[in-house]
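File shown here: target10.txt, holding compact mmCIF, N, CA and C atoms and all ligand atoms.
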```txt
# COMPACT_ATOMS: atom_id res chain seq x y z
N MET A 847 0.84 -1.20 0.00
CA MET A 847 0.00 0.00 0.00
C MET A 847 0.87 1.25 0.00
N ALA A 848 0.51 2.19 -0.83
CA ALA A 848 1.20 3.47 -0.82
C ALA A 848 0.83 4.23 0.45
N GLU A 849 1.78 5.00 0.92
CA GLU A 849 1.51 5.78 2.13
C GLU A 849 0.64 6.98 1.78
N ASP A 850 -0.18 7.38 2.74
CA ASP A 850 -1.14 8.45 2.48
C ASP A 850 -0.49 9.82 2.37
N THR A 851 0.40 10.10 3.29
CA THR A 851 0.96 11.44 3.31
C THR A 851 2.34 11.44 2.68
N LEU A 852 2.50 12.23 1.65
CA LEU A 852 3.77 12.33 0.97
C LEU A 852 4.49 13.58 1.44
N PRO A 853 5.83 13.52 1.47
CA PRO A 853 6.58 14.74 1.78
C PRO A 853 6.22 15.84 0.79
N GLN A 854 6.17 17.05 1.26
CA GLN A 854 5.76 18.17 0.41
C GLN A 854 6.95 18.97 -0.11
N THR A 855 8.04 18.94 0.57
CA THR A 855 9.19 19.77 0.20
C THR A 855 10.43 18.90 -0.01
N ASP A 856 11.41 19.45 -0.71
CA ASP A 856 12.68 18.75 -0.89
C ASP A 856 13.29 18.39 0.46
N GLU A 857 13.14 19.31 1.40
CA GLU A 857 13.71 19.07 2.73
C GLU A 857 13.09 17.82 3.37
N ASP A 858 11.77 17.70 3.23
CA ASP A 858 11.08 16.53 3.78
C ASP A 858 11.52 15.26 3.06
N TRP A 859 11.66 15.36 1.73
CA TRP A 859 12.10 14.19 0.97
C TRP A 859 13.50 13.77 1.39
N ARG A 860 14.38 14.72 1.64
CA ARG A 860 15.75 14.38 2.05
C ARG A 860 15.76 13.60 3.36
N LYS A 861 14.79 13.88 4.23
CA LYS A 861 14.72 13.15 5.50
C LYS A 861 14.28 11.71 5.27
N ARG A 862 13.43 11.51 4.28
CA ARG A 862 12.88 10.17 4.06
C ARG A 862 13.84 9.29 3.25
N LEU A 863 14.57 9.90 2.31
CA LEU A 863 15.34 9.12 1.34
C LEU A 863 16.83 9.15 1.65
N THR A 864 17.55 8.15 1.14
CA THR A 864 19.01 8.21 1.18
C THR A 864 19.46 9.26 0.15
N PRO A 865 20.70 9.74 0.25
CA PRO A 865 21.17 10.71 -0.76
C PRO A 865 21.08 10.18 -2.18
N GLU A 866 21.34 8.87 -2.36
CA GLU A 866 21.26 8.27 -3.69
C GLU A 866 19.81 8.24 -4.19
N GLN A 867 18.89 7.86 -3.29
CA GLN A 867 17.48 7.84 -3.67
C GLN A 867 16.99 9.24 -4.00
N PHE A 868 17.40 10.22 -3.21
CA PHE A 868 16.96 11.60 -3.45
C PHE A 868 17.46 12.08 -4.82
N ALA A 869 18.71 11.77 -5.13
CA ALA A 869 19.29 12.24 -6.40
C ALA A 869 18.53 11.67 -7.59
N VAL A 870 18.13 10.40 -7.51
CA VAL A 870 17.43 9.78 -8.64
C VAL A 870 15.95 10.18 -8.64
N LEU A 871 15.26 9.93 -7.53
CA LEU A 871 13.81 10.12 -7.48
C LEU A 871 13.41 11.59 -7.62
N ARG A 872 14.15 12.47 -6.97
CA ARG A 872 13.72 13.88 -6.92
C ARG A 872 14.50 14.77 -7.87
N GLN A 873 15.70 14.32 -8.31
CA GLN A 873 16.52 15.19 -9.16
C GLN A 873 16.87 14.53 -10.50
N HIS A 874 16.20 13.43 -10.81
CA HIS A 874 16.36 12.78 -12.11
C HIS A 874 17.79 12.34 -12.42
N ALA A 875 18.54 12.00 -11.40
CA ALA A 875 19.88 11.45 -11.64
C ALA A 875 19.73 10.02 -12.16
N THR A 876 20.82 9.48 -12.68
CA THR A 876 20.84 8.09 -13.13
C THR A 876 21.95 7.37 -12.39
N GLU A 877 21.62 6.22 -11.79
CA GLU A 877 22.65 5.47 -11.07
C GLU A 877 23.63 4.88 -12.08
N ARG A 878 24.84 4.60 -11.61
CA ARG A 878 25.83 4.00 -12.50
C ARG A 878 25.36 2.60 -12.90
N PRO A 879 25.48 2.22 -14.19
CA PRO A 879 25.01 0.91 -14.63
C PRO A 879 25.72 -0.21 -13.88
N GLY A 880 24.98 -1.27 -13.61
CA GLY A 880 25.56 -2.45 -12.98
C GLY A 880 25.74 -2.34 -11.48
N THR A 881 25.31 -1.23 -10.88
CA THR A 881 25.55 -1.04 -9.45
C THR A 881 24.38 -1.53 -8.59
N SER A 882 23.21 -1.73 -9.18
CA SER A 882 22.06 -2.08 -8.35
C SER A 882 22.03 -3.57 -8.04
N PRO A 883 21.88 -3.92 -6.76
CA PRO A 883 21.71 -5.34 -6.40
C PRO A 883 20.46 -5.93 -7.03
N LEU A 884 19.51 -5.08 -7.42
CA LEU A 884 18.27 -5.59 -8.01
C LEU A 884 18.48 -6.14 -9.41
N ASN A 885 19.62 -5.83 -10.03
CA ASN A 885 19.91 -6.42 -11.34
C ASN A 885 19.86 -7.95 -11.26
N ALA A 886 20.35 -8.49 -10.16
CA ALA A 886 20.47 -9.95 -10.01
C ALA A 886 19.26 -10.55 -9.30
N GLU A 887 18.27 -9.75 -8.97
CA GLU A 887 17.11 -10.25 -8.23
C GLU A 887 16.23 -11.09 -9.14
N THR A 888 16.01 -12.37 -8.79
CA THR A 888 15.20 -13.23 -9.65
C THR A 888 14.05 -13.89 -8.89
N ARG A 889 13.93 -13.56 -7.59
CA ARG A 889 12.84 -14.19 -6.83
C ARG A 889 11.49 -13.61 -7.25
N PRO A 890 10.41 -14.38 -7.06
CA PRO A 890 9.09 -13.81 -7.31
C PRO A 890 8.78 -12.72 -6.29
N GLY A 891 8.13 -11.67 -6.73
CA GLY A 891 7.80 -10.60 -5.82
C GLY A 891 7.44 -9.33 -6.56
N THR A 892 7.39 -8.24 -5.80
CA THR A 892 6.94 -6.96 -6.34
C THR A 892 7.98 -5.89 -6.08
N PHE A 893 8.19 -5.06 -7.09
CA PHE A 893 9.07 -3.91 -6.94
C PHE A 893 8.21 -2.68 -6.68
N VAL A 894 8.42 -2.07 -5.51
CA VAL A 894 7.61 -0.91 -5.14
C VAL A 894 8.46 0.34 -5.20
N CYS A 895 7.80 1.50 -5.28
CA CYS A 895 8.49 2.79 -5.32
C CYS A 895 9.24 3.01 -4.00
N ALA A 896 10.53 3.36 -4.11
CA ALA A 896 11.32 3.61 -2.90
C ALA A 896 10.89 4.91 -2.22
N GLY A 897 10.17 5.74 -2.95
CA GLY A 897 9.73 7.01 -2.38
C GLY A 897 8.44 6.89 -1.60
N CYS A 898 7.49 6.09 -2.10
CA CYS A 898 6.16 6.09 -1.48
C CYS A 898 5.59 4.69 -1.25
N GLY A 899 6.25 3.65 -1.74
CA GLY A 899 5.76 2.30 -1.48
C GLY A 899 4.74 1.78 -2.46
N GLN A 900 4.39 2.57 -3.47
CA GLN A 900 3.39 2.09 -4.45
C GLN A 900 3.98 0.95 -5.29
N PRO A 901 3.23 -0.16 -5.46
CA PRO A 901 3.70 -1.23 -6.34
C PRO A 901 3.84 -0.73 -7.78
N LEU A 902 5.00 -1.01 -8.40
CA LEU A 902 5.26 -0.49 -9.75
C LEU A 902 5.48 -1.61 -10.76
N TYR A 903 6.28 -2.61 -10.39
CA TYR A 903 6.62 -3.69 -11.32
C TYR A 903 6.59 -5.02 -10.57
N THR A 904 6.35 -6.11 -11.32
CA THR A 904 6.43 -7.43 -10.69
C THR A 904 7.57 -8.22 -11.32
N ALA A 905 8.00 -9.23 -10.58
CA ALA A 905 9.12 -10.04 -11.04
C ALA A 905 8.80 -10.75 -12.35
N GLU A 906 7.52 -11.01 -12.61
CA GLU A 906 7.15 -11.71 -13.86
C GLU A 906 7.51 -10.91 -15.11
N THR A 907 7.52 -9.59 -15.00
CA THR A 907 7.79 -8.77 -16.19
C THR A 907 9.24 -8.32 -16.26
N LYS A 908 10.07 -8.80 -15.30
CA LYS A 908 11.49 -8.42 -15.30
C LYS A 908 12.24 -9.29 -16.29
N PHE A 909 13.16 -8.70 -17.02
CA PHE A 909 13.98 -9.50 -17.94
C PHE A 909 15.39 -8.92 -17.94
N ASP A 910 16.33 -9.73 -18.39
CA ASP A 910 17.72 -9.28 -18.40
C ASP A 910 18.02 -8.58 -19.72
N ALA A 911 18.08 -7.27 -19.66
CA ALA A 911 18.31 -6.48 -20.88
C ALA A 911 19.80 -6.25 -21.12
N HIS A 912 20.64 -6.73 -20.21
CA HIS A 912 22.09 -6.54 -20.32
C HIS A 912 22.47 -5.07 -20.45
N CYS A 913 21.67 -4.19 -19.86
CA CYS A 913 21.97 -2.77 -19.98
C CYS A 913 22.52 -2.21 -18.68
N GLY A 914 22.50 -3.04 -17.62
CA GLY A 914 23.06 -2.57 -16.35
C GLY A 914 22.03 -2.02 -15.37
N TRP A 915 20.77 -1.96 -15.81
CA TRP A 915 19.71 -1.49 -14.91
C TRP A 915 18.59 -2.52 -14.90
N PRO A 916 17.88 -2.64 -13.77
CA PRO A 916 16.71 -3.52 -13.75
C PRO A 916 15.74 -3.12 -14.86
N SER A 917 15.28 -4.11 -15.64
CA SER A 917 14.43 -3.83 -16.79
C SER A 917 13.16 -4.66 -16.75
N PHE A 918 12.08 -4.05 -17.19
CA PHE A 918 10.77 -4.68 -17.16
C PHE A 918 10.07 -4.38 -18.48
N TYR A 919 9.19 -5.30 -18.93
CA TYR A 919 8.49 -5.02 -20.18
C TYR A 919 7.12 -4.37 -19.95
N ALA A 920 6.67 -4.32 -18.69
CA ALA A 920 5.40 -3.65 -18.41
C ALA A 920 5.32 -3.29 -16.94
N ALA A 921 4.56 -2.26 -16.62
CA ALA A 921 4.31 -1.91 -15.23
C ALA A 921 3.23 -2.82 -14.68
N VAL A 922 3.13 -2.90 -13.37
CA VAL A 922 2.13 -3.76 -12.73
C VAL A 922 0.73 -3.29 -13.15
N ASP A 923 0.60 -2.01 -13.39
CA ASP A 923 -0.66 -1.41 -13.82
C ASP A 923 -0.31 -0.10 -14.51
N ASP A 924 -1.00 0.19 -15.62
CA ASP A 924 -0.67 1.41 -16.34
C ASP A 924 -0.88 2.66 -15.50
N SER A 925 -1.77 2.58 -14.52
CA SER A 925 -2.03 3.75 -13.70
C SER A 925 -0.97 3.95 -12.62
N ALA A 926 -0.07 2.97 -12.46
CA ALA A 926 0.97 3.08 -11.43
C ALA A 926 2.07 4.04 -11.84
N ILE A 927 2.22 4.21 -13.16
CA ILE A 927 3.30 5.07 -13.66
C ILE A 927 2.75 6.15 -14.58
N ASP A 928 3.53 7.21 -14.75
CA ASP A 928 3.24 8.26 -15.71
C ASP A 928 4.50 8.49 -16.52
N THR A 929 4.32 9.05 -17.72
CA THR A 929 5.49 9.30 -18.55
C THR A 929 5.50 10.75 -19.03
N THR A 930 6.70 11.23 -19.34
CA THR A 930 6.85 12.54 -19.96
C THR A 930 7.89 12.39 -21.07
N VAL A 931 7.94 13.36 -21.96
CA VAL A 931 8.97 13.36 -22.99
C VAL A 931 10.19 14.10 -22.44
N ASP A 932 11.31 13.40 -22.47
CA ASP A 932 12.56 13.95 -21.94
C ASP A 932 13.47 14.30 -23.12
N ARG A 933 13.76 15.59 -23.28
CA ARG A 933 14.60 16.02 -24.40
C ARG A 933 16.02 16.38 -23.96
N SER A 934 16.44 15.88 -22.78
CA SER A 934 17.79 16.19 -22.32
C SER A 934 18.82 15.30 -23.01
N LEU A 935 20.08 15.66 -22.88
CA LEU A 935 21.20 14.89 -23.44
C LEU A 935 21.06 14.71 -24.96
N PHE A 936 20.44 15.68 -25.63
CA PHE A 936 20.32 15.68 -27.09
C PHE A 936 19.60 14.45 -27.63
N MET A 937 18.70 13.89 -26.80
CA MET A 937 17.92 12.74 -27.23
C MET A 937 16.46 13.00 -26.88
N VAL A 938 15.56 12.34 -27.58
CA VAL A 938 14.17 12.36 -27.17
C VAL A 938 13.87 10.99 -26.57
N ARG A 939 13.62 11.00 -25.27
CA ARG A 939 13.36 9.74 -24.58
C ARG A 939 12.06 9.85 -23.81
N THR A 940 11.49 8.70 -23.48
CA THR A 940 10.30 8.68 -22.65
C THR A 940 10.72 8.48 -21.21
N GLU A 941 10.51 9.51 -20.41
CA GLU A 941 10.84 9.44 -18.98
C GLU A 941 9.67 8.79 -18.26
N VAL A 942 9.96 7.97 -17.26
CA VAL A 942 8.89 7.31 -16.50
C VAL A 942 9.05 7.64 -15.02
N HIS A 943 7.92 7.95 -14.39
CA HIS A 943 7.94 8.26 -12.95
C HIS A 943 6.73 7.65 -12.26
N CYS A 944 6.85 7.58 -10.93
CA CYS A 944 5.77 7.04 -10.10
C CYS A 944 4.57 7.97 -10.19
N ALA A 945 3.38 7.40 -10.48
CA ALA A 945 2.19 8.22 -10.61
C ALA A 945 1.72 8.75 -9.26
N ASN A 946 2.17 8.13 -8.19
CA ASN A 946 1.71 8.55 -6.87
C ASN A 946 2.54 9.69 -6.29
N CYS A 947 3.87 9.56 -6.32
CA CYS A 947 4.71 10.60 -5.69
C CYS A 947 5.53 11.37 -6.73
N GLN A 948 5.38 11.03 -8.01
CA GLN A 948 6.09 11.70 -9.10
C GLN A 948 7.60 11.45 -9.06
N GLY A 949 8.04 10.47 -8.27
CA GLY A 949 9.47 10.18 -8.21
C GLY A 949 9.97 9.63 -9.55
N HIS A 950 11.12 10.15 -10.00
CA HIS A 950 11.70 9.69 -11.27
C HIS A 950 12.20 8.25 -11.13
N LEU A 951 11.85 7.41 -12.12
CA LEU A 951 12.24 6.00 -12.07
C LEU A 951 13.30 5.66 -13.10
N GLY A 952 13.09 6.12 -14.33
CA GLY A 952 14.02 5.78 -15.41
C GLY A 952 13.43 6.18 -16.73
N HIS A 953 13.68 5.36 -17.77
CA HIS A 953 13.18 5.67 -19.10
C HIS A 953 12.59 4.42 -19.74
N ILE A 954 11.72 4.63 -20.74
CA ILE A 954 11.11 3.53 -21.48
C ILE A 954 11.61 3.59 -22.93
N PHE A 955 12.09 2.46 -23.43
CA PHE A 955 12.59 2.38 -24.79
C PHE A 955 11.79 1.33 -25.56
N PRO A 956 11.57 1.56 -26.86
CA PRO A 956 10.73 0.63 -27.64
C PRO A 956 11.50 -0.56 -28.19
N ASP A 957 12.39 -1.14 -27.39
CA ASP A 957 13.19 -2.27 -27.88
C ASP A 957 13.14 -3.44 -26.91
N GLY A 958 12.01 -3.58 -26.22
CA GLY A 958 11.86 -4.66 -25.25
C GLY A 958 11.28 -5.91 -25.88
N PRO A 959 11.13 -6.95 -25.07
CA PRO A 959 10.61 -8.24 -25.57
C PRO A 959 9.08 -8.25 -25.65
N ALA A 960 8.53 -9.28 -26.26
CA ALA A 960 7.09 -9.51 -26.27
C ALA A 960 6.64 -9.72 -24.82
N PRO A 961 5.41 -9.42 -24.46
CA PRO A 961 4.32 -9.05 -25.38
C PRO A 961 4.21 -7.53 -25.65
N THR A 962 4.95 -6.70 -24.96
CA THR A 962 4.74 -5.25 -25.13
C THR A 962 5.74 -4.63 -26.10
N GLY A 963 6.92 -5.23 -26.25
CA GLY A 963 7.97 -4.62 -27.06
C GLY A 963 8.62 -3.42 -26.39
N MET A 964 8.30 -3.23 -25.11
CA MET A 964 8.85 -2.08 -24.39
C MET A 964 9.88 -2.52 -23.36
N ARG A 965 10.85 -1.64 -23.12
CA ARG A 965 11.85 -1.88 -22.09
C ARG A 965 11.80 -0.71 -21.12
N HIS A 966 11.30 -1.01 -19.92
CA HIS A 966 11.31 -0.01 -18.86
C HIS A 966 12.65 -0.15 -18.14
N CYS A 967 13.53 0.79 -18.38
CA CYS A 967 14.90 0.75 -17.85
C CYS A 967 14.91 1.59 -16.59
N ILE A 968 14.96 0.92 -15.43
CA ILE A 968 14.65 1.58 -14.16
C ILE A 968 15.86 1.62 -13.25
N ASN A 969 16.10 2.76 -12.63
CA ASN A 969 17.14 2.86 -11.62
C ASN A 969 16.77 1.98 -10.43
N GLY A 970 17.64 1.03 -10.08
CA GLY A 970 17.35 0.14 -8.97
C GLY A 970 17.16 0.89 -7.66
N VAL A 971 17.84 2.02 -7.52
CA VAL A 971 17.77 2.77 -6.26
C VAL A 971 16.38 3.40 -6.06
N SER A 972 15.62 3.52 -7.12
CA SER A 972 14.28 4.10 -6.98
C SER A 972 13.24 3.03 -6.67
N LEU A 973 13.68 1.76 -6.57
CA LEU A 973 12.78 0.65 -6.28
C LEU A 973 13.16 -0.03 -4.96
N LYS A 974 12.16 -0.65 -4.36
CA LYS A 974 12.40 -1.57 -3.25
C LYS A 974 11.76 -2.89 -3.63
N PHE A 975 12.47 -3.99 -3.40
CA PHE A 975 11.92 -5.31 -3.74
C PHE A 975 11.24 -5.93 -2.54
N VAL A 976 10.01 -6.38 -2.75
CA VAL A 976 9.26 -7.07 -1.71
C VAL A 976 9.05 -8.51 -2.17
N PRO A 977 9.82 -9.47 -1.60
CA PRO A 977 9.68 -10.86 -2.04
C PRO A 977 8.30 -11.40 -1.72
N GLU A 978 7.83 -12.31 -2.56
CA GLU A 978 6.54 -12.95 -2.32
C GLU A 978 6.66 -13.81 -1.05
N LYS A 979 5.60 -13.80 -0.27
CA LYS A 979 5.67 -14.56 0.97
C LYS A 979 5.40 -16.05 0.71
ZN ZN A 1001 6.24 6.83 -5.57
```
Now, as a test, write the supplied structure out as structure tokens.
Amino acid sequence: MAEDTLPQTDEDWRKRLTPEQFAVLRQHATERPGTSPLNAETRPGTFVCAGCGQPLYTAETKFDAHCGWPSFYAAVDDSAIDTTVDRSLFMVRTEVHCANCQGHLGHIFPDGPAPTGMRHCINGVSLKFVPEK
């Protein structure tokens, strides 16, 4: 379950998040590829937003994209995420963020596997893994 009350200011977010989480979720940083322990996570379970706890991705849609970041072909629910067009770094990319707290997650690329053909390339630091009980 997502938490009801979200931090309202950067200062509040800094209290809740680690510096790495704050940089990615609130300032759109990108973690260094290959650094997330979630890259190797293969157990069944749910990946929730590190900012607010909203379920975002499930282990069933995770695949190894060999890109250095946890990758998924679909969100747990389309309403769990929102996207914007990101024109930074001289590229046009689809930015993806948590629909509940607006925390930045990563980017979506149209080169993923079936059935969606999409690759949600997500910073592991913006996720928390909850193993299935
Ligand atoms: Zn969130």
Seminar exercise, completed: atom CA of Gln873 of chain A to atom CA of Pro853 of chain A measures 14.8 Å
For this session: Could you give me, as number ranges by chain, every polymer residue with an atom at most 8 Å away from an atom of ligand ZN 1001 (chain A), counting only N, CA and C atoms and all ligand atoms?
Result: A: 848, 894-901, 943-950
For this session: Would you kindly return, as an MDAnalysis selection string, each protein, DNA or RNA residue with an atom no farther than 6 Å from any atom of segment 967-969 of chain A, considering all atoms listed in the file and excluding same-chain residues fewer than 4 positions away?
Result: chainID A and resid 877 915:918 951:955 973
Exercise. In Å, with one decimal, what is the gap from atom C of Gly914 of chain A to atom C of Pro879 of chain A?
Worked result: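 Here the two named atoms are 4.4 Å from each other.
Summary of the local environment: counting all atoms listed in the file, residues at most 6.5 Å from Pro977 of chain A, other than itself and those fewer than 3 positions away along its chain, are Arg889, Pro890, Gly891 and Thr892 of chain A.
Among A:Leu871, A:Val971, A:Ala920, A:Ala905, the residue with the shortest atom-to-atom distance to Thr888 of chain A, counting only N, CA and C atoms, is A:Ala905.
Across A:Ile927, A:Met964, A:Val942, A:Leu884, the tightest approach to Val976 of chain A is made by A:Leu884 when counting only C-alpha atoms.
As for atom C of Thr962 of chain A and atom CA of Ala921 of chain A, they are spaced 11.3 Å apart.
For the set A:Leu902, A:Leu863, A:Ala869, A:Ala886, the residue with the smallest atom-to-atom gap to Ala926 of chain A is A:Leu902, counting only C-alpha atoms.
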Exercise. Pick the closest to Ala960 of chain A from A:Phe909, A:Arg939, A:Val870, A:Asp858: which is it, counting only C-alpha atoms?
Worked result: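 Of A:Phe909, A:Arg939, A:Val870, A:Asp858, the one nearest Ala960 of chain A is A:Phe909, counting only C-alpha atoms.
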Exercise. If you run DSSP on the backbone, which residues of chain A are helix (DSSP H, G or I), as an MDAnalysis selection string?
Worked result: chainID A and resid 856:862 865:871 883:886 905:907 924:926 934:936 970:972
Provide segment 899-909 of chain A rebuilt to all heavy atoms, formatted as a short mmCIF file (atom, residue, chain, number, x, y, z; two decimals), in the frame of the given file.
```cif
data_model
loop_
_atom_site.label_atom_id
_atom_site.label_comp_id
_atom_site.auth_asym_id
_atom_site.auth_seq_id
_atom_site.Cartn_x
_atom_site.Cartn_y
_atom_site.Cartn_z
N GLY A 899 6.25 3.65 -1.74
CA GLY A 899 5.76 2.30 -1.48
C GLY A 899 4.74 1.78 -2.46
O GLY A 899 4.27 0.65 -2.33
N GLN A 900 4.39 2.57 -3.47
CA GLN A 900 3.39 2.09 -4.45
C GLN A 900 3.98 0.95 -5.29
O GLN A 900 5.08 1.08 -5.82
CB GLN A 900 2.99 3.26 -5.36
CG GLN A 900 2.25 2.82 -6.61
CD GLN A 900 1.36 3.88 -7.16
OE1 GLN A 900 0.26 4.10 -6.67
NE2 GLN A 900 1.83 4.56 -8.18
N PRO A 901 3.23 -0.16 -5.46
CA PRO A 901 3.70 -1.23 -6.34
C PRO A 901 3.84 -0.73 -7.78
O PRO A 901 2.92 -0.09 -8.30
CB PRO A 901 2.59 -2.29 -6.24
CG PRO A 901 1.90 -1.99 -4.94
CD PRO A 901 1.98 -0.50 -4.77
N LEU A 902 5.00 -1.01 -8.40
CA LEU A 902 5.26 -0.49 -9.75
C LEU A 902 5.48 -1.61 -10.76
O LEU A 902 4.96 -1.56 -11.87
CB LEU A 902 6.49 0.42 -9.73
CG LEU A 902 6.38 1.67 -8.86
CD1 LEU A 902 7.72 2.38 -8.81
CD2 LEU A 902 5.31 2.61 -9.40
N TYR A 903 6.28 -2.61 -10.39
CA TYR A 903 6.62 -3.69 -11.32
C TYR A 903 6.59 -5.02 -10.57
O TYR A 903 6.81 -5.05 -9.36
CB TYR A 903 8.01 -3.46 -11.93
CG TYR A 903 8.10 -2.22 -12.78
CD1 TYR A 903 8.60 -1.04 -12.27
CD2 TYR A 903 7.65 -2.23 -14.10
CE1 TYR A 903 8.66 0.12 -13.05
CE2 TYR A 903 7.71 -1.10 -14.89
CZ TYR A 903 8.22 0.07 -14.36
OH TYR A 903 8.26 1.21 -15.14
N THR A 904 6.35 -6.11 -11.32
CA THR A 904 6.43 -7.43 -10.69
C THR A 904 7.57 -8.22 -11.32
O THR A 904 8.01 -7.92 -12.44
CB THR A 904 5.12 -8.23 -10.87
OG1 THR A 904 4.93 -8.49 -12.26
CG2 THR A 904 3.94 -7.48 -10.31
N ALA A 905 8.00 -9.23 -10.58
CA ALA A 905 9.12 -10.04 -11.04
C ALA A 905 8.80 -10.75 -12.35
O ALA A 905 9.69 -11.04 -13.14
CB ALA A 905 9.50 -11.06 -9.96
N GLU A 906 7.52 -11.01 -12.61
CA GLU A 906 7.15 -11.71 -13.86
C GLU A 906 7.51 -10.91 -15.11
O GLU A 906 7.71 -11.48 -16.17
CB GLU A 906 5.65 -12.02 -13.91
CG GLU A 906 5.19 -13.10 -12.96
CD GLU A 906 4.60 -12.51 -11.70
OE1 GLU A 906 3.43 -12.11 -11.70
OE2 GLU A 906 5.34 -12.42 -10.71
N THR A 907 7.52 -9.59 -15.00
CA THR A 907 7.79 -8.77 -16.19
C THR A 907 9.24 -8.32 -16.26
O THR A 907 9.62 -7.58 -17.16
CB THR A 907 6.89 -7.52 -16.22
OG1 THR A 907 7.19 -6.70 -15.09
CG2 THR A 907 5.42 -7.90 -16.20
N LYS A 908 10.07 -8.80 -15.30
CA LYS A 908 11.49 -8.42 -15.30
C LYS A 908 12.24 -9.29 -16.29
O LYS A 908 11.98 -10.48 -16.41
CB LYS A 908 12.05 -8.61 -13.89
CG LYS A 908 13.45 -8.05 -13.67
CD LYS A 908 13.82 -8.16 -12.18
CE LYS A 908 15.11 -7.44 -11.87
NZ LYS A 908 16.29 -8.17 -12.34
N PHE A 909 13.16 -8.70 -17.02
CA PHE A 909 13.98 -9.50 -17.94
C PHE A 909 15.39 -8.92 -17.94
O PHE A 909 15.63 -7.80 -17.52
CB PHE A 909 13.39 -9.51 -19.35
CG PHE A 909 13.42 -8.17 -20.05
CD1 PHE A 909 14.41 -7.88 -20.98
CD2 PHE A 909 12.47 -7.21 -19.78
CE1 PHE A 909 14.44 -6.66 -21.64
CE2 PHE A 909 12.49 -5.97 -20.42
CZ PHE A 909 13.47 -5.69 -21.36
#
```
